[in-house]
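A.B. asks: Below you'll find run07.cif; it's mmCIF, C-alpha atoms.
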```cif
data_data
#
loop_
_atom_site.label_atom_id
_atom_site.label_comp_id
_atom_site.auth_asym_id
_atom_site.auth_seq_id
_atom_site.Cartn_x
_atom_site.Cartn_y
_atom_site.Cartn_z
CA MET A 1 -1.92 19.05 22.83
CA ASP A 2 0.45 18.21 19.91
CA ILE A 3 1.94 14.78 19.22
CA SER A 4 5.35 15.56 20.75
CA GLU A 5 3.77 16.73 23.99
CA LEU A 6 1.45 13.70 24.00
CA LEU A 7 4.40 11.34 23.55
CA LYS A 8 6.34 13.14 26.27
CA ARG A 9 3.43 12.78 28.67
CA HIS A 10 2.77 9.12 27.80
CA TRP A 11 6.29 8.02 26.88
CA PHE A 12 6.16 4.97 29.13
CA LEU A 13 3.03 3.66 27.37
CA ALA A 14 4.67 4.33 23.99
CA GLY A 15 7.78 2.52 25.21
CA THR A 16 5.64 -0.43 26.28
CA MET A 17 4.11 -0.70 22.80
CA ILE A 18 7.53 -0.47 21.16
CA ALA A 19 8.90 -3.17 23.48
CA ILE A 20 6.01 -5.50 22.58
CA PHE A 21 6.47 -4.79 18.86
CA LEU A 22 10.21 -5.52 19.03
CA ALA A 23 9.55 -8.67 21.05
CA GLU A 24 7.27 -9.96 18.29
CA ILE A 25 9.94 -9.31 15.63
CA PHE A 26 12.95 -10.59 17.61
CA PRO A 27 11.57 -13.03 20.21
CA GLU A 28 14.76 -15.11 20.36
CA ILE A 29 16.75 -12.18 21.75
CA GLY A 30 14.89 -11.82 25.04
CA ALA A 31 13.60 -15.37 25.53
CA LYS A 32 15.09 -17.84 27.98
CA GLU A 33 18.60 -18.97 27.01
CA GLY A 34 18.71 -16.09 24.53
CA PRO A 35 21.45 -13.46 24.17
CA LEU A 36 19.92 -11.21 26.86
CA ASN A 37 19.81 -14.13 29.33
CA PRO A 38 16.65 -12.92 31.18
CA GLU A 39 17.01 -15.65 33.81
CA VAL A 40 19.82 -13.52 35.24
CA THR A 41 19.43 -10.03 33.75
CA VAL A 42 15.75 -9.73 34.72
CA LYS A 43 15.70 -11.61 38.00
CA TYR A 44 18.89 -10.16 39.44
CA GLY A 45 19.45 -7.18 37.16
CA ALA A 46 16.30 -5.28 36.18
CA VAL A 47 14.28 -6.13 39.30
CA GLY A 48 17.28 -5.45 41.53
CA LEU A 49 17.88 -2.13 39.76
CA ILE A 50 14.28 -1.07 40.40
CA PHE A 51 14.68 -1.60 44.13
CA LEU A 52 18.13 -0.05 44.18
CA VAL A 53 16.53 3.06 42.71
CA SER A 54 13.83 2.84 45.39
CA GLY A 55 16.47 2.59 48.09
CA LEU A 56 18.26 5.65 46.71
CA SER A 57 15.03 7.62 46.37
CA ILE A 58 13.12 6.87 49.55
CA LYS A 59 13.87 8.49 52.87
CA LEU A 60 14.41 5.86 55.56
CA GLU A 61 12.05 7.62 57.93
CA GLU A 62 9.28 7.35 55.32
CA LEU A 63 9.87 3.61 54.92
CA LEU A 64 9.91 3.08 58.68
CA GLY A 65 6.89 5.31 59.08
CA THR A 66 4.79 3.11 56.82
CA PHE A 67 5.09 0.20 59.29
CA THR A 68 2.61 1.95 61.55
CA ASN A 69 0.16 2.63 58.71
CA TYR A 70 -1.58 -0.65 59.40
CA LYS A 71 -4.87 0.38 57.76
CA ILE A 72 -3.39 0.55 54.28
CA HIS A 73 -1.55 -2.77 54.79
CA ILE A 74 -4.70 -4.55 55.95
CA PHE A 75 -6.75 -3.09 53.10
CA ILE A 76 -4.25 -4.12 50.42
CA GLN A 77 -3.60 -7.63 51.69
CA LEU A 78 -7.25 -8.46 52.33
CA PHE A 79 -8.35 -7.17 48.93
CA SER A 80 -5.49 -8.76 47.01
CA GLN A 81 -5.33 -12.17 48.65
CA VAL A 82 -8.86 -12.73 50.00
CA LEU A 83 -11.49 -10.58 48.32
CA THR A 84 -10.09 -10.86 44.76
CA PRO A 85 -10.25 -14.70 44.68
CA VAL A 86 -13.80 -14.56 46.06
CA LEU A 87 -14.94 -12.01 43.44
CA VAL A 88 -13.38 -13.98 40.56
CA LYS A 89 -14.86 -17.24 41.86
CA VAL A 90 -18.33 -15.65 41.85
CA LEU A 91 -17.72 -14.39 38.32
CA THR A 92 -16.77 -17.88 37.10
CA LEU A 93 -20.12 -19.20 38.32
CA PHE A 94 -21.78 -16.93 35.75
CA LEU A 95 -19.18 -17.84 33.11
CA TRP A 96 -19.88 -21.53 33.68
CA MET A 97 -23.56 -20.95 32.88
CA ILE A 98 -22.68 -19.46 29.48
CA GLY A 99 -20.31 -22.28 28.57
CA VAL A 100 -16.83 -20.75 28.98
CA ASN A 101 -13.95 -23.27 28.80
CA GLU A 102 -13.55 -24.87 32.23
CA TRP A 103 -9.76 -24.55 32.15
CA ILE A 104 -9.92 -20.87 31.29
CA MET A 105 -12.04 -20.37 34.41
CA LYS A 106 -9.54 -22.34 36.46
CA GLY A 107 -6.81 -20.12 35.05
CA LEU A 108 -8.72 -16.97 36.04
CA ILE A 109 -9.16 -18.26 39.60
CA THR A 110 -5.47 -19.17 39.73
CA VAL A 111 -4.52 -15.60 38.71
CA ALA A 112 -6.79 -14.22 41.44
CA CYS A 113 -5.03 -16.36 44.05
CA MET A 114 -1.56 -15.19 43.05
CA PRO A 115 0.39 -12.78 45.31
CA PRO A 116 1.37 -9.30 44.07
CA PRO A 117 4.62 -8.80 42.12
CA VAL A 118 7.63 -7.04 43.63
CA SER A 119 8.33 -4.60 40.80
CA SER A 120 5.53 -3.25 38.59
CA ALA A 121 3.30 -1.92 41.39
CA VAL A 122 6.27 -0.09 42.93
CA ILE A 123 7.53 1.49 39.72
CA LEU A 124 4.05 2.59 38.64
CA THR A 125 3.33 4.06 42.07
CA ARG A 126 6.59 6.00 41.80
CA ALA A 127 5.73 7.13 38.27
CA VAL A 128 2.48 8.67 39.54
CA GLY A 129 4.08 10.13 42.68
CA GLY A 130 2.13 7.98 45.12
CA ASN A 131 3.11 6.41 48.43
CA GLU A 132 6.11 4.44 47.20
CA ALA A 133 7.13 3.32 50.68
CA ALA A 134 3.72 1.68 51.21
CA ALA A 135 3.93 0.07 47.76
CA ILE A 136 7.34 -1.45 48.54
CA PHE A 137 6.27 -2.66 51.97
CA ASN A 138 3.09 -4.29 50.68
CA SER A 139 4.74 -5.80 47.61
CA VAL A 140 7.29 -7.55 49.79
CA LEU A 141 4.73 -8.46 52.47
CA GLY A 142 2.30 -9.73 49.84
CA CYS A 143 4.95 -11.91 48.24
CA VAL A 144 5.92 -13.45 51.59
CA LEU A 145 2.28 -14.01 52.58
CA GLY A 146 1.55 -15.37 49.13
CA ILE A 147 4.12 -18.12 49.56
CA LEU A 148 2.13 -19.27 52.58
CA LEU A 149 -1.44 -18.39 51.55
CA THR A 150 -1.59 -19.14 47.81
CA PRO A 151 -1.39 -22.95 48.17
CA PHE A 152 -4.32 -22.83 50.61
CA THR A 153 -6.43 -20.49 48.47
CA LEU A 154 -5.78 -22.73 45.46
CA LEU A 155 -6.81 -25.73 47.54
CA PHE A 156 -9.99 -23.98 48.66
CA PHE A 157 -11.09 -22.61 45.27
CA LEU A 158 -9.79 -25.34 42.93
CA ARG A 159 -9.80 -28.29 45.30
CA THR A 160 -6.12 -28.84 44.62
CA THR A 161 -2.85 -27.46 45.91
CA THR A 162 0.88 -27.30 45.35
CA LEU A 163 4.05 -27.05 47.34
CA VAL A 164 5.96 -23.80 46.92
CA PRO A 165 9.76 -23.82 47.27
CA VAL A 166 9.67 -21.55 50.31
CA LEU A 167 13.41 -21.30 51.01
CA SER A 168 14.40 -20.62 47.39
CA THR A 169 11.62 -18.04 47.02
CA ILE A 170 12.67 -16.25 50.21
CA PHE A 171 16.29 -16.30 49.00
CA GLN A 172 15.23 -14.83 45.66
CA LEU A 173 13.18 -12.18 47.46
CA ALA A 174 16.16 -11.26 49.61
CA THR A 175 18.65 -11.06 46.75
CA THR A 176 16.42 -9.17 44.33
CA VAL A 177 14.54 -6.88 46.74
CA VAL A 178 15.99 -6.58 50.23
CA VAL A 179 19.69 -6.41 49.28
CA PRO A 180 19.31 -3.73 46.53
CA LEU A 181 16.94 -1.73 48.73
CA ALA A 182 19.38 -1.85 51.64
CA LEU A 183 22.31 -0.98 49.37
CA GLY A 184 20.43 2.04 48.06
CA GLN A 185 19.76 3.21 51.61
CA LEU A 186 23.42 2.77 52.58
CA LEU A 187 24.57 4.78 49.56
CA ARG A 188 22.01 7.46 50.35
CA HIS A 189 23.01 7.87 54.00
CA PHE A 190 26.78 7.26 53.93
CA THR A 191 27.83 8.92 50.66
CA ASP A 192 27.33 12.29 49.00
CA PHE A 193 24.82 10.80 46.57
CA LYS A 194 21.82 13.07 45.93
CA ALA A 195 18.79 11.38 44.41
CA SER A 196 17.41 14.65 43.08
CA SER A 197 20.48 15.09 40.86
CA TYR A 198 19.76 12.00 38.75
CA PRO A 199 16.76 10.82 36.70
CA LEU A 200 16.22 7.78 38.89
CA GLY A 201 12.55 7.49 37.95
CA VAL A 202 13.45 7.16 34.28
CA VAL A 203 16.05 4.50 35.10
CA GLY A 204 13.46 2.45 36.99
CA GLN A 205 10.94 2.74 34.18
CA MET A 206 13.54 1.68 31.60
CA ALA A 207 14.24 -1.40 33.73
CA LEU A 208 10.52 -2.20 33.71
CA LEU A 209 10.43 -1.83 29.90
CA PHE A 210 13.25 -4.37 29.72
CA ILE A 211 11.17 -6.77 31.82
CA ILE A 212 8.19 -6.23 29.51
CA PHE A 213 10.33 -6.90 26.44
CA THR A 214 11.73 -10.19 27.75
CA THR A 215 8.30 -11.30 28.99
CA PHE A 216 6.75 -10.84 25.57
CA CYS A 217 9.73 -12.43 23.84
CA GLN A 218 9.07 -15.62 25.77
CA ALA A 219 5.32 -15.39 25.12
CA PHE A 220 5.75 -14.91 21.36
CA LEU A 221 8.29 -17.72 21.18
CA ASN A 222 5.90 -20.23 22.83
CA HIS A 223 3.20 -21.47 20.48
CA ASP A 224 2.17 -24.61 22.34
CA MET A 225 -1.25 -23.52 23.65
CA GLN A 226 -3.96 -26.07 22.91
CA MET A 227 -6.65 -23.45 22.33
CA ASP A 228 -8.59 -22.19 19.36
CA ALA A 229 -8.92 -18.53 18.43
CA HIS A 230 -12.26 -18.25 20.23
CA ASP A 231 -10.78 -19.45 23.55
CA ILE A 232 -7.80 -17.10 23.25
CA LEU A 233 -10.01 -14.11 22.46
CA THR A 234 -12.34 -15.04 25.33
CA THR A 235 -9.40 -15.25 27.73
CA VAL A 236 -8.00 -11.87 26.70
CA LEU A 237 -11.40 -10.17 26.99
CA LEU A 238 -12.12 -11.72 30.39
CA VAL A 239 -8.71 -10.79 31.78
CA VAL A 240 -9.06 -7.19 30.60
CA LEU A 241 -12.60 -7.03 32.00
CA ILE A 242 -11.57 -8.45 35.39
CA LEU A 243 -8.58 -6.15 35.71
CA ILE A 244 -10.62 -3.06 34.81
CA LEU A 245 -13.36 -4.13 37.22
CA LEU A 246 -10.92 -4.70 40.09
CA THR A 247 -9.11 -1.42 39.41
CA TRP A 248 -12.39 0.50 39.32
CA LEU A 249 -13.65 -1.16 42.50
CA VAL A 250 -10.43 -0.54 44.44
CA PHE A 251 -10.24 3.10 43.36
CA LEU A 252 -13.94 3.65 44.10
CA VAL A 253 -13.66 2.30 47.64
CA ALA A 254 -10.25 3.74 48.59
CA SER A 255 -10.86 7.20 47.12
CA ARG A 256 -14.05 7.52 49.15
CA MET A 257 -12.17 7.09 52.41
CA PRO A 258 -10.32 10.45 52.56
CA ARG A 259 -10.12 10.37 56.35
CA VAL A 260 -8.28 7.05 56.18
CA PHE A 261 -6.22 7.25 52.99
CA LYS A 262 -4.40 10.20 51.47
CA PRO A 263 -4.38 10.56 47.65
CA GLU A 264 -0.83 9.15 47.61
CA ASP A 265 -2.08 6.11 49.55
CA VAL A 266 -4.89 5.53 47.06
CA VAL A 267 -2.38 5.35 44.19
CA ALA A 268 -0.35 2.67 45.99
CA ILE A 269 -3.55 0.80 46.88
CA VAL A 270 -4.78 0.75 43.26
CA PHE A 271 -1.61 -0.87 41.93
CA CYS A 272 -0.80 -3.16 44.88
CA CYS A 273 -4.34 -4.55 45.11
CA THR A 274 -4.75 -5.39 41.43
CA HIS A 275 -1.31 -6.56 40.26
CA LYS A 276 -0.39 -10.24 40.28
CA SER A 277 2.99 -11.98 40.12
CA LEU A 278 3.99 -13.83 36.96
CA THR A 279 7.39 -14.71 38.43
CA LEU A 280 5.90 -16.75 41.28
CA GLY A 281 2.77 -17.77 39.40
CA ILE A 282 4.30 -19.66 36.49
CA PRO A 283 6.47 -21.98 38.67
CA MET A 284 3.39 -22.68 40.82
CA LEU A 285 1.35 -23.62 37.75
CA ARG A 286 4.08 -25.85 36.37
CA ILE A 287 4.26 -27.73 39.69
CA LEU A 288 0.49 -27.86 40.10
CA TYR A 289 -0.42 -28.87 36.54
CA GLY A 290 2.86 -30.35 35.29
CA GLY A 291 2.07 -33.11 32.80
CA TYR A 292 -1.51 -31.91 32.26
CA ALA A 293 -2.58 -31.43 28.65
CA HIS A 294 -4.33 -28.24 29.81
CA LEU A 295 -1.26 -26.62 31.35
CA SER A 296 -0.96 -24.06 28.55
CA THR A 297 -4.70 -23.27 28.76
CA ILE A 298 -4.67 -22.60 32.49
CA SER A 299 -1.42 -20.61 32.17
CA LEU A 300 -2.78 -18.26 29.51
CA PRO A 301 -4.82 -15.98 31.83
CA LEU A 302 -1.73 -15.28 33.94
CA LEU A 303 0.40 -14.67 30.85
CA VAL A 304 -2.22 -12.23 29.58
CA TYR A 305 -2.79 -10.61 32.97
CA HIS A 306 0.87 -9.73 33.49
CA PRO A 307 1.35 -7.43 30.46
CA THR A 308 -2.24 -6.18 30.71
CA GLN A 309 -1.68 -4.87 34.23
CA ILE A 310 1.42 -3.02 33.05
CA ILE A 311 -0.29 -1.58 29.96
CA LEU A 312 -3.34 -0.49 31.97
CA GLY A 313 -1.02 0.90 34.63
CA GLY A 314 0.78 2.94 32.00
CA LEU A 315 -2.56 4.30 30.79
CA LEU A 316 -3.54 5.26 34.33
CA VAL A 317 -0.33 7.10 35.26
CA SER A 318 -1.25 10.49 33.85
CA HIS A 319 -4.89 10.21 34.94
CA LEU A 320 -3.95 9.35 38.51
CA GLN A 321 -1.45 12.20 38.54
CA ASP A 322 -4.20 14.62 37.50
CA TRP A 323 -6.60 13.18 40.09
CA MET A 324 -3.99 13.40 42.84
CA LEU A 325 -3.17 17.02 41.99
CA SER A 326 -6.88 17.85 41.94
CA ARG A 327 -7.34 16.34 45.40
CA ARG A 328 -4.37 18.31 46.71
CA ARG A 329 -5.79 21.57 45.33
CA SER A 330 -9.16 20.82 46.89
CA ARG A 331 -7.54 20.14 50.24
CA THR A 332 -5.54 23.37 50.00
CA ARG A 333 -8.69 25.39 49.28
CA LEU A 334 -10.49 23.83 52.23
CA GLU A 335 -7.60 24.58 54.58
CA ALA A 336 -7.26 28.16 53.32
#
```
When written as structure tokens, how does the structure in this file appear?

C.D. replies:
Amino acid sequence: MDISELLKRHWFLAGTMIAIFLAEIFPEIGAKEGPLNPEVTVKYGAVGLIFLVSGLSIKLEELLGTFTNYKIHIFIQLFSQVLTPVLVKVLTLFLWMIGVNEWIMKGLITVACMPPPVSSAVILTRAVGGNEAAAIFNSVLGCVLGILLTPFTLLFFLRTTTLVPVLSTIFQLATTVVVPLALGQLLRHFTDFKASSYPLGVVGQMALLFIIFTTFCQAFLNHDMQMDAHDILTTVLLVVLILILLTWLVFLVASRMPRVFKPEDVVAIVFCCTHKSLTLGIPMLRILYGGYAHLSTISLPLLVYHPTQIILGGLLVSHLQDWMLSRRRSRTRLEA
């Protein structure tokens, strides 16, 4: 495989690296109150565009059909919002014995308690060709449940809690997810628009690259973390390790249930179970630990987790596509 073919196959990963590189050089452009104004262009532009594309691409009957697929919904929500915090809490017990910074461990637990995001899991599921309808349904459901459950899981695991602005979060969810999704469906059913005639998948992925760029711009612009190099390196390594471990565990379990989950379902499960929301997480942390000297320390795992899940997701796209095609061929041979 030559370089051009390799770049064509993994262009999204290459685009992610370029976006991070540009964010390091020009952080002021995509940071808050910068020229790109991410408070509006990301929240109501890029995220809304992703779900508009989903609305244009998905058949309504597929979206309605996923309501009855309760097994995948239960699996995703239990793993994401119950089992993940438990697993990370157990891991921190071992980390405590080897002397890891207490606030880093609190940050890891906080990440585990966060609900899933409403964009990256969907766009990556679409990029692979998985069950996009299930990914959308569970991303929205997880966000809504997270508003209610996350304060209680934080209370249980950290012995502290916070109040989440429920009405404003629901309003944001409606304006950035439900409205674009509904608009896409209306355009699909009441106009001559044909999704197959346009590169909608590429448009959605470009929107996600824009989100990555602005996220890293803000991260590179903030240098207020009260941590030494050892703590930062430890945090990065632990986040990568936890994400890889969760991804492996989810794939191992879901892929070995062929009578319950189709290959397309497994793809949606992998991303929806392991991705966590930075958009909802950071406001929660600022309310919970506002005024604490360790706010930056406990925020770091979530800041690292967000781009890591996207980078790892980009690495997995082609591999999951190959695995899914292999499963389909095997099923075809068995039916023949």

A.B. asks: Give me the residues within 12 Å of Phe156 of chain A as a list in words, counting all atoms listed in the file and dropping any in the same chain fewer than 5 places off.

C.D. replies: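 The neighbour list is Val82, Pro85, Val86, Lys89, Ile109, Thr110, Cys113, Leu149, Thr150, Pro151, Thr161 and Thr162 of chain A.
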
A.B. asks: Where does the PyMOL selection byres ((chain A and resi 243-247) around 12) land in this file, that is, which residues does it pick, as a PyMOL selection string?

C.D. replies: chain A and resi 79-80+83-88+91+108+111-112+236-242+248-255+266-276+301-302+304-313+315-316+320

A.B. asks: May I ask for the distance between atom CA of Pro180 of chain A and atom CA of Pro116 of chain A, given in Å to one decimal place?

C.D. replies: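 Pair atom CA of Pro180 of chain A / atom CA of Pro116 of chain A returns 18.9 Å.
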
A.B. asks: Could you check which of A:Ser277, A:Gln185, A:Asn138, A:Gln218 is closest to Ile74 of chain A, using all atoms listed in the file?

C.D. replies: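 The closest residue to Ile74 of chain A is A:Asn138.
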
A.B. asks: Quick one: pull the distance between atom CA of Ala174 of chain A and atom CA of Ile211 of chain A, Å, one decimal.

C.D. replies: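 Atom-to-atom, atom CA of Ala174 of chain A to atom CA of Ile211 of chain A, that is 19.0 Å.
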
A.B. asks: Please evaluate the PyMOL selection byres ((chain A and resi 146) around 8) against the structure above and give the resulting residues as a list in words.

C.D. replies: Gln81, Met114, Pro115, Pro116, Gly142, Cys143, Val144, Leu145, Ile147, Leu148, Leu149 and Thr150 of chain A

A.B. asks: What's the separation between atom CA of Gln205 of chain A and atom CA of Arg329 of chain A, in Å to one decimal place?

C.D. replies: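 Taking atom CA of Gln205 of chain A and atom CA of Arg329 of chain A, their separation equals 27.5 Å.
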
A.B. asks: Which centre and which edge lengths, in Å to one decimal, describe the axis-aligned box that holds all listed atoms of segment 234-246 of chain A after 4 Å is added on each side, as AutoDock Vina command-line options?

C.D. replies:
```
--center_x -10.7 --center_y -9.2 --center_z 32.7 --size_x 13.4 --size_y 20.2 --size_z 22.8
```

A.B. asks: Out of A:Trp323, A:Phe216, A:Tyr70, A:Phe26, which residue has the shortest atom-to-atom distance to Phe261 of chain A when counting only C-alpha atoms?

C.D. replies: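 Closest to Phe261 of chain A of all the choices is A:Tyr70.
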
A.B. asks: Excluding Ala135 of chain A and residues on its chain fewer than 5 positions from it, collect all residues at most 10 Å away from it, counting only C-alpha atoms, and give them as a list in words.

C.D. replies: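 Counting only the stated atoms, we get Leu63, Thr66, Ile72, His73, Ile76, Val118, Ser119, Ser120, Ala121, Val122, Ile123, Leu124, Thr125, Arg126, Gly130, Val140, Leu141, Asp265, Val267, Ala268, Ile269, Val270, Phe271, Cys272 and Cys273 of chain A.
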
A.B. asks: Can you pull out every residue within 9 Å of Ile20 of chain A, counting all atoms listed in the file, but drop anything in the same chain fewer than 4 positions away, and send it as a PyMOL selection string?

C.D. replies: chain A and resi 15-16+24-25+212-213+215-217

A.B. asks: Check the smallest atom-to-atom distance from each of A:Gly107, A:Gly55, A:Gly99, A:Pro263 to Phe193 of chain A using all atoms listed in the file, then report the winner.

C.D. replies: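 Smallest distance to Phe193 of chain A is found for A:Gly55.
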
A.B. asks: What lies within 9 Å of Lys106 of chain A using all atoms listed in the file, ignoring chain neighbours under 5 positions off, as a PyMOL selection string?

C.D. replies: chain A and resi 92+101+111+157-158+298

A.B. asks: Could you get me a file of segment 45-54 of chain A with all heavy atoms, as a PDB file, in the first residue's frame, taken from the block above?

C.D. replies:
```
ATOM      1  N   GLY A  45     -23.255  25.303  15.336  1.00  0.00           N
ATOM      2  CA  GLY A  45     -22.906  25.129  13.937  1.00  0.00           C
ATOM      3  C   GLY A  45     -22.431  23.735  13.619  1.00  0.00           C
ATOM      4  O   GLY A  45     -23.137  22.944  12.985  1.00  0.00           O
ATOM      5  N   ALA A  46     -21.226  23.371  14.101  1.00  0.00           N
ATOM      6  CA  ALA A  46     -20.628  22.077  13.759  1.00  0.00           C
ATOM      7  C   ALA A  46     -21.444  20.907  14.287  1.00  0.00           C
ATOM      8  O   ALA A  46     -21.720  19.938  13.564  1.00  0.00           O
ATOM      9  CB  ALA A  46     -19.197  22.016  14.297  1.00  0.00           C
ATOM     10  N   VAL A  47     -21.836  20.972  15.570  1.00  0.00           N
ATOM     11  CA  VAL A  47     -22.630  19.879  16.139  1.00  0.00           C
ATOM     12  C   VAL A  47     -23.985  19.782  15.445  1.00  0.00           C
ATOM     13  O   VAL A  47     -24.452  18.690  15.094  1.00  0.00           O
ATOM     14  CB  VAL A  47     -22.820  20.081  17.660  1.00  0.00           C
ATOM     15  CG1 VAL A  47     -23.774  19.011  18.227  1.00  0.00           C
ATOM     16  CG2 VAL A  47     -21.486  20.020  18.383  1.00  0.00           C
ATOM     17  N   GLY A  48     -24.615  20.938  15.199  1.00  0.00           N
ATOM     18  CA  GLY A  48     -25.897  20.935  14.493  1.00  0.00           C
ATOM     19  C   GLY A  48     -25.767  20.382  13.079  1.00  0.00           C
ATOM     20  O   GLY A  48     -26.642  19.650  12.601  1.00  0.00           O
ATOM     21  N   LEU A  49     -24.652  20.712  12.401  1.00  0.00           N
ATOM     22  CA  LEU A  49     -24.428  20.216  11.050  1.00  0.00           C
ATOM     23  C   LEU A  49     -24.290  18.690  11.033  1.00  0.00           C
ATOM     24  O   LEU A  49     -24.808  18.016  10.136  1.00  0.00           O
ATOM     25  CB  LEU A  49     -23.162  20.858  10.469  1.00  0.00           C
ATOM     26  CG  LEU A  49     -22.765  20.422   9.057  1.00  0.00           C
ATOM     27  CD1 LEU A  49     -23.875  20.743   8.056  1.00  0.00           C
ATOM     28  CD2 LEU A  49     -21.452  21.087   8.643  1.00  0.00           C
ATOM     29  N   ILE A  50     -23.614  18.146  12.043  1.00  0.00           N
ATOM     30  CA  ILE A  50     -23.451  16.696  12.133  1.00  0.00           C
ATOM     31  C   ILE A  50     -24.812  16.007  12.206  1.00  0.00           C
ATOM     32  O   ILE A  50     -25.058  14.994  11.534  1.00  0.00           O
ATOM     33  CB  ILE A  50     -22.579  16.326  13.352  1.00  0.00           C
ATOM     34  CG1 ILE A  50     -21.127  16.702  13.079  1.00  0.00           C
ATOM     35  CG2 ILE A  50     -22.700  14.837  13.689  1.00  0.00           C
ATOM     36  CD1 ILE A  50     -20.216  16.576  14.280  1.00  0.00           C
ATOM     37  N   PHE A  51     -25.713  16.553  12.994  1.00  0.00           N
ATOM     38  CA  PHE A  51     -27.023  15.914  13.142  1.00  0.00           C
ATOM     39  C   PHE A  51     -27.964  16.247  11.989  1.00  0.00           C
ATOM     40  O   PHE A  51     -28.886  15.491  11.706  1.00  0.00           O
ATOM     41  CB  PHE A  51     -27.636  16.269  14.500  1.00  0.00           C
ATOM     42  CG  PHE A  51     -27.020  15.483  15.615  1.00  0.00           C
ATOM     43  CD1 PHE A  51     -25.961  15.995  16.335  1.00  0.00           C
ATOM     44  CD2 PHE A  51     -27.463  14.204  15.906  1.00  0.00           C
ATOM     45  CE1 PHE A  51     -25.366  15.259  17.338  1.00  0.00           C
ATOM     46  CE2 PHE A  51     -26.884  13.458  16.906  1.00  0.00           C
ATOM     47  CZ  PHE A  51     -25.823  13.980  17.628  1.00  0.00           C
ATOM     48  N   LEU A  52     -27.725  17.361  11.321  1.00  0.00           N
ATOM     49  CA  LEU A  52     -28.464  17.631  10.091  1.00  0.00           C
ATOM     50  C   LEU A  52     -28.103  16.595   9.038  1.00  0.00           C
ATOM     51  O   LEU A  52     -28.980  16.052   8.340  1.00  0.00           O
ATOM     52  CB  LEU A  52     -28.150  19.038   9.583  1.00  0.00           C
ATOM     53  CG  LEU A  52     -28.776  19.430   8.232  1.00  0.00           C
ATOM     54  CD1 LEU A  52     -30.296  19.430   8.329  1.00  0.00           C
ATOM     55  CD2 LEU A  52     -28.255  20.784   7.769  1.00  0.00           C
ATOM     56  N   VAL A  53     -26.811  16.303   8.932  1.00  0.00           N
ATOM     57  CA  VAL A  53     -26.348  15.267   8.008  1.00  0.00           C
ATOM     58  C   VAL A  53     -26.959  13.919   8.374  1.00  0.00           C
ATOM     59  O   VAL A  53     -27.387  13.153   7.504  1.00  0.00           O
ATOM     60  CB  VAL A  53     -24.805  15.186   8.016  1.00  0.00           C
ATOM     61  CG1 VAL A  53     -24.330  13.928   7.294  1.00  0.00           C
ATOM     62  CG2 VAL A  53     -24.199  16.426   7.370  1.00  0.00           C
ATOM     63  N   SER A  54     -27.031  13.632   9.679  1.00  0.00           N
ATOM     64  CA  SER A  54     -27.648  12.376  10.121  1.00  0.00           C
ATOM     65  C   SER A  54     -29.116  12.326   9.733  1.00  0.00           C
ATOM     66  O   SER A  54     -29.622  11.295   9.287  1.00  0.00           O
ATOM     67  CB  SER A  54     -27.498  12.222  11.637  1.00  0.00           C
ATOM     68  OG  SER A  54     -26.144  12.108  12.008  1.00  0.00           O
TER      69      SER A  54
END
```
